[in-house]
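**Q** Sending over a structure as C-alpha cells; questions will come in a sec.
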Amino acid sequence: MLRNLCCIIAVILFFPGVNSHAQSESSPMKIRVNRMVFSQGNRYAFYLPTFEFHFKFQDQFNRVRSVITADYDYRRQDMGFGMSHALYKYIVNPGISVEDNLYFRKVFNDSTGIWNRNQSITPFLVHELSKESYVGMEFKFEQQSSPKIRQGANIVRYYDRSIKVYYIFQPNQRELWNNNVCYLSFERSYKMLKGSYNYLLLESLFQYGVEFNRYIRYKNVLSFRGNLTPQKSPLFFMGGLSNLIGYENDEFWGRRAAYIQNLLEVKPFPDFEFSISRGKFKRLALLLQIDAGKVAGAPDIPDVKIQNEKWKIGMGIGLGVNTDLPLMKKTDLHFLLAFPSDDPENIKFYAGFGGWIN
C-alpha cells in the first residue's frame, strides 16, 4: 500500500501541468519567505537595525496542536500573520493553516505594482513515522493581489493551487545546538482549478549542530530552494543576518537560491555571571558567522539591475550573552559587526534578542 501511495504522489508532483511552456513576467511575482523553523516551544526575536520582529507561539491541548505566527519588518514594511491547528495522536493527523502576508519589496517596481499580498488556506495531513521523523502532504489554495501601476488603482489577482509532500528527520528536537535536521520537500503547482502557476519546487535543508564542551559549540546549515522548471515561480531572496551576513537584506534574488551557513560560539568564561537590577547576565561568548550563498534564474525586470549569479561570502564577528530578564527568561542577546567579502570596508552592524540564528 505504501508503494502504491508513493507512486500516486510521484505522478501528482511530476506529471506535466497545463501550458507548461515558459511564461512571461506579467503577473505579481510570488515571494517565498524563509520560515524553516523546526524548534518546539515558543519563539520570539527582534533584530536591529532593520527593526524585524518574529513571533511563534505553540501550544498543545487534549487532541489539538495550535501554532500562531506573526512577522513584521519596519524597513521593508512587510508584515504577516498565520494560524494553524492540527489533530494529533492518530495514524494520520489532519489540520488546516491560514496565512495573510503583505510584502513591499523593491523588486516589485515594475508594471504589476509595488506591493504583493498573499492570502492562503492550506489543509494538510501528517503521519509520524517515529518520534524523530514524519511525513506530510499539504494542499494550498492561495490568492495574490497587486496593483497595476499603469492603470492607477486597478488591482490584479492571481491564484495558486499547489500540492506539497515533505519529510522531516529531527532528533533532539528540544535542544538548541545539538539539534540535527534533515528536511526535504517537493511542491507542484497546477493551472487546474483556476490556478495561474505551473512550477515544481524543491526545498531542502540540512542542519548539523554540536556542543563540544562548556566552551565551544558549532552549527552548520546547508540549504537549497528553487524551481526545477522554466515556469514562473516564487522568488527566493538572499542577504542579511539570516542567510548571507554582511550584505543588504534581500540584495540578491532569483528562482533558485543556495547557501551555506557556519556559526561558532566560544565561551572563554562559561561561569561568568552578573546582575543589574532584576536582570541576570551570564555566559559571555564570542560569536563568529561565515555565510556563502548564490542565486540563479532571476527574471528580467525593466529598470532593475541584473542579478549576479556568482557565489558571495559574508563574515561577521561579535559578542553574545545569555540573560534572564523579567517576563523574558533565557533570552539571548547578540551584537555583530559584519562585512561582505568583495567589499571589506562596507561594515554593517547587527543586534537582536530572542536568539542568534536558530
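Numbering starts fresh at 1 for the residues of each chain in the C-alpha cells, the chains themselves are lettered A, B, ... in the order given, and ligands are numbered from 1 as they appear.
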Can you list, as an NGL selection string, every protein, DNA or RNA residue that comes within 8 Å of Tyr208 in chain A when you count only C-alpha atoms, leaving out same-chain residues fewer than 6 positions away?
**A** :A and (178-181 or 219-221)
**Q** Could you turn the residues from that selection into a file that holds N, CA and C atoms, as a CSV table (one decimal), in the first residue's frame?
**A**
chain,number,residue,atom,x,y,z
A,178,ASN,N,22.7,21.0,19.8
A,178,ASN,CA,22.8,19.6,19.5
A,178,ASN,C,21.4,19.1,18.8
A,179,ASN,N,21.1,19.8,17.7
A,179,ASN,CA,19.8,19.6,17.1
A,179,ASN,C,20.1,19.5,15.6
A,180,ASN,N,20.1,18.3,15.1
A,180,ASN,CA,20.3,18.0,13.6
A,180,ASN,C,18.9,17.9,12.9
A,181,VAL,N,18.9,18.4,11.7
A,181,VAL,CA,17.6,18.5,11.0
A,181,VAL,C,17.9,18.1,9.5
A,219,LYS,N,27.4,25.2,14.7
A,219,LYS,CA,26.3,24.8,13.9
A,219,LYS,C,26.6,25.1,12.4
A,220,ASN,N,26.2,24.1,11.5
A,220,ASN,CA,26.3,24.3,10.1
A,220,ASN,C,25.0,24.0,9.4
A,221,VAL,N,24.6,24.9,8.5
A,221,VAL,CA,23.3,24.8,7.7
A,221,VAL,C,23.6,24.8,6.3
**Q** Can you pull out the residues contacting range 200-207 of chain A? Cut-off 6 Å, using only C-alpha atoms, and skip same-chain residues under 3 positions away; I want them as a PDB file with N, CA and C atoms, in the first residue's frame.
**A**
ATOM      1  N   ASN A 180      20.105  18.252  15.064  1.00  0.00           N
ATOM      2  CA  ASN A 180      20.301  17.998  13.650  1.00  0.00           C
ATOM      3  C   ASN A 180      18.949  17.927  12.947  1.00  0.00           C
ATOM      4  N   VAL A 181      18.896  18.444  11.730  1.00  0.00           N
ATOM      5  CA  VAL A 181      17.640  18.488  10.961  1.00  0.00           C
ATOM      6  C   VAL A 181      17.914  18.062   9.526  1.00  0.00           C
ATOM      7  N   CYS A 182      17.031  17.243   8.995  1.00  0.00           N
ATOM      8  CA  CYS A 182      17.023  16.919   7.569  1.00  0.00           C
ATOM      9  C   CYS A 182      15.612  17.181   7.057  1.00  0.00           C
ATOM     10  N   TYR A 183      15.473  18.126   6.134  1.00  0.00           N
ATOM     11  CA  TYR A 183      14.157  18.494   5.600  1.00  0.00           C
ATOM     12  C   TYR A 183      14.213  18.445   4.082  1.00  0.00           C
ATOM     13  N   LEU A 184      13.204  17.821   3.473  1.00  0.00           N
ATOM     14  CA  LEU A 184      13.133  17.711   2.021  1.00  0.00           C
ATOM     15  C   LEU A 184      11.678  17.799   1.584  1.00  0.00           C
ATOM     16  N   SER A 185      11.390  18.640   0.590  1.00  0.00           N
ATOM     17  CA  SER A 185      10.004  18.770   0.120  1.00  0.00           C
ATOM     18  C   SER A 185       9.968  19.035  -1.376  1.00  0.00           C
ATOM     19  N   PHE A 186       8.884  18.576  -2.012  1.00  0.00           N
ATOM     20  CA  PHE A 186       8.571  18.884  -3.395  1.00  0.00           C
ATOM     21  C   PHE A 186       7.183  19.534  -3.418  1.00  0.00           C
ATOM     22  N   GLU A 187       7.066  20.623  -4.153  1.00  0.00           N
ATOM     23  CA  GLU A 187       5.790  21.314  -4.261  1.00  0.00           C
ATOM     24  C   GLU A 187       5.449  21.521  -5.732  1.00  0.00           C
ATOM     25  N   ARG A 188       4.271  21.051  -6.142  1.00  0.00           N
ATOM     26  CA  ARG A 188       3.842  21.137  -7.538  1.00  0.00           C
ATOM     27  C   ARG A 188       2.624  22.045  -7.628  1.00  0.00           C
ATOM     28  N   ASN A 220      26.163  24.131  11.542  1.00  0.00           N
ATOM     29  CA  ASN A 220      26.303  24.269  10.095  1.00  0.00           C
ATOM     30  C   ASN A 220      24.952  24.040   9.439  1.00  0.00           C
ATOM     31  N   VAL A 221      24.605  24.898   8.475  1.00  0.00           N
ATOM     32  CA  VAL A 221      23.342  24.785   7.745  1.00  0.00           C
ATOM     33  C   VAL A 221      23.637  24.797   6.250  1.00  0.00           C
ATOM     34  N   LEU A 222      23.061  23.850   5.534  1.00  0.00           N
ATOM     35  CA  LEU A 222      23.172  23.772   4.076  1.00  0.00           C
ATOM     36  C   LEU A 222      21.762  23.749   3.504  1.00  0.00           C
ATOM     37  N   SER A 223      21.445  24.704   2.622  1.00  0.00           N
ATOM     38  CA  SER A 223      20.071  24.823   2.130  1.00  0.00           C
ATOM     39  C   SER A 223      20.044  25.086   0.629  1.00  0.00           C
ATOM     40  N   PHE A 224      19.063  24.478  -0.042  1.00  0.00           N
ATOM     41  CA  PHE A 224      18.764  24.781  -1.440  1.00  0.00           C
ATOM     42  C   PHE A 224      17.260  24.905  -1.582  1.00  0.00           C
ATOM     43  N   ARG A 225      16.825  25.953  -2.251  1.00  0.00           N
ATOM     44  CA  ARG A 225      15.405  26.144  -2.545  1.00  0.00           C
ATOM     45  C   ARG A 225      15.302  26.658  -3.970  1.00  0.00           C
ATOM     46  N   GLY A 226      14.477  26.015  -4.787  1.00  0.00           N
ATOM     47  CA  GLY A 226      14.415  26.502  -6.153  1.00  0.00           C
ATOM     48  C   GLY A 226      13.405  25.791  -7.026  1.00  0.00           C
ATOM     49  N   ASN A 227      13.134  26.418  -8.157  1.00  0.00           N
ATOM     50  CA  ASN A 227      12.210  25.920  -9.163  1.00  0.00           C
ATOM     51  C   ASN A 227      12.965  25.005 -10.119  1.00  0.00           C
ATOM     52  N   LEU A 228      12.447  23.806 -10.356  1.00  0.00           N
ATOM     53  CA  LEU A 228      13.093  22.843 -11.237  1.00  0.00           C
ATOM     54  C   LEU A 228      12.568  22.922 -12.664  1.00  0.00           C
TER      55      LEU A 228
END
**Q** From the list A:Ile91, A:Ala45, A:Val210, A:Ile31, which residue is nearest Leu333 in chain A when using only C-alpha atoms?
**A**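 Residue with the minimum atom-to-atom distance to Leu333 in chain A: A:Ala45.
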**Q** Mind checking which residues fall within 6 Å of range 246-252 of chain A, counting only C-alpha atoms, ignoring those fewer than 4 positions away in the same chain, and posting them as a ChimeraX atom specification?
**A** /A:237-240,314,338-340
**Q** Could you write out the selected residues, including C-alpha atoms, as a PDB file, in the first residue's frame?
**A**
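Wrote it out as out_25.pdb, contents follow:
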ATOM      1  CA  PHE A 237      15.653  36.346  -1.504  1.00  0.00           C
ATOM      2  CA  MET A 238      19.133  36.290  -0.008  1.00  0.00           C
ATOM      3  CA  GLY A 239      21.153  38.778   2.010  1.00  0.00           C
ATOM      4  CA  GLY A 240      21.263  39.789   5.662  1.00  0.00           C
ATOM      5  CA  GLY A 314      29.857  37.244   4.214  1.00  0.00           C
ATOM      6  CA  ALA A 338      29.978  42.038   9.519  1.00  0.00           C
ATOM      7  CA  PHE A 339      31.192  42.755   6.005  1.00  0.00           C
ATOM      8  CA  PRO A 340      30.885  41.236   2.501  1.00  0.00           C
TER       9      PRO A 340
END
**Q** Please identify the strand (DSSP E or B) residues within range 212-331 of chain A (assignment by DSSP from backbone atoms) and present them as a ChimeraX atom specification.
**A** /A:216-227,235-238,240,244,252-254,256-266,273-276,279-296,312-325,328-331
**Q** Export, as a CSV table (one decimal), in the first residue's frame, the selected residues with C-alpha atoms.
**A**
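Once written, selection-v5.csv looks like this:
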chain,number,residue,atom,x,y,z
A,216,ILE,CA,32.7,25.7,22.2
A,217,ARG,CA,29.6,24.9,20.1
A,218,TYR,CA,29.1,24.9,16.4
A,219,LYS,CA,26.3,24.8,13.9
A,220,ASN,CA,26.3,24.3,10.1
A,221,VAL,CA,23.3,24.8,7.7
A,222,LEU,CA,23.2,23.8,4.1
A,223,SER,CA,20.1,24.8,2.1
A,224,PHE,CA,18.8,24.8,-1.4
A,225,ARG,CA,15.4,26.1,-2.5
A,226,GLY,CA,14.4,26.5,-6.2
A,227,ASN,CA,12.2,25.9,-9.2
A,235,LEU,CA,11.4,34.3,-5.9
A,236,PHE,CA,13.8,33.4,-3.1
A,237,PHE,CA,15.7,36.3,-1.5
A,238,MET,CA,19.1,36.3,0.0
A,240,GLY,CA,21.3,39.8,5.7
A,244,LEU,CA,24.2,36.0,3.9
A,252,PHE,CA,20.1,39.0,-4.2
A,253,TRP,CA,17.0,37.2,-5.5
A,254,GLY,CA,16.1,34.5,-8.1
A,256,ARG,CA,16.8,29.3,-7.1
A,257,ALA,CA,18.9,30.0,-4.0
A,258,ALA,CA,21.5,28.0,-2.2
A,259,TYR,CA,23.5,29.0,0.9
A,260,ILE,CA,25.9,27.5,3.5
A,261,GLN,CA,26.0,28.9,7.0
A,262,ASN,CA,28.6,28.4,9.7
A,263,LEU,CA,28.0,29.6,13.3
A,264,LEU,CA,30.7,29.3,16.0
A,265,GLU,CA,30.3,30.3,19.6
A,266,VAL,CA,33.3,30.3,22.0
A,273,GLU,CA,27.6,36.0,35.6
A,274,PHE,CA,26.4,39.4,36.9
A,275,SER,CA,23.2,41.1,37.8
A,276,ILE,CA,21.7,44.5,37.0
A,279,GLY,CA,18.1,41.1,35.2
A,280,LYS,CA,20.8,38.4,35.2
A,281,PHE,CA,23.5,38.2,32.6
A,282,LYS,CA,25.7,35.1,32.1
A,283,ARG,CA,27.8,33.1,29.6
A,284,LEU,CA,29.6,35.9,27.8
A,285,ALA,CA,30.5,34.4,24.3
A,286,LEU,CA,32.5,35.3,21.2
A,287,LEU,CA,30.4,34.8,18.0
A,288,LEU,CA,31.7,34.0,14.5
A,289,GLN,CA,29.4,33.7,11.5
A,290,ILE,CA,30.6,32.8,7.9
A,291,ASP,CA,28.0,32.5,5.2
A,292,ALA,CA,28.2,31.7,1.5
A,293,GLY,CA,25.4,31.8,-1.0
A,294,LYS,CA,24.2,32.4,-4.5
A,295,VAL,CA,21.0,32.9,-6.5
A,296,ALA,CA,20.1,31.9,-10.1
A,312,LYS,CA,29.0,35.6,-2.3
A,313,ILE,CA,30.7,35.3,1.1
A,314,GLY,CA,29.9,37.2,4.2
A,315,MET,CA,31.7,37.3,7.5
A,316,GLY,CA,30.7,38.5,11.0
A,317,ILE,CA,32.2,38.6,14.4
A,318,GLY,CA,30.7,39.8,17.7
A,319,LEU,CA,29.6,39.1,21.3
A,320,GLY,CA,26.7,37.2,22.8
A,321,VAL,CA,25.3,36.9,26.3
A,322,ASN,CA,22.5,34.9,27.9
A,323,THR,CA,20.1,36.7,30.1
A,324,ASP,CA,17.2,36.1,32.5
A,325,LEU,CA,15.0,39.2,32.3
A,328,MET,CA,11.8,37.0,29.2
A,329,LYS,CA,13.6,34.0,30.7
A,330,LYS,CA,16.6,32.6,28.9
A,331,THR,CA,16.8,35.3,26.3
**Q** Enter the distance from CA of Gln231 in chain A to CA of Asp300 in chain A, in Å, rounded to one decimal.
**A** 13.6 Å
**Q** Give me the residues within 10 Å of Gln60 in chain A as a list in words, counting only C-alpha atoms and dropping any in the same chain fewer than 5 places off.
**A** Gly41, Arg65, Ser66, Val67, His85, Ala86, Leu87 and Tyr88 of chain A
**Q** Taking only C-alpha atoms into account, which of A:Ile163, A:Met83, A:Leu336, A:Ile306 comes nearest Gln58 in chain A?
**A**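 Distance minimum relative to Gln58 in chain A lands on A:Met83.
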**Q** Have a look at A:Arg75, A:Asn172, A:Ile155, A:Thr50 and name the one nearest to Glu132 in chain A; count only C-alpha atoms.
**A** A:Asn172
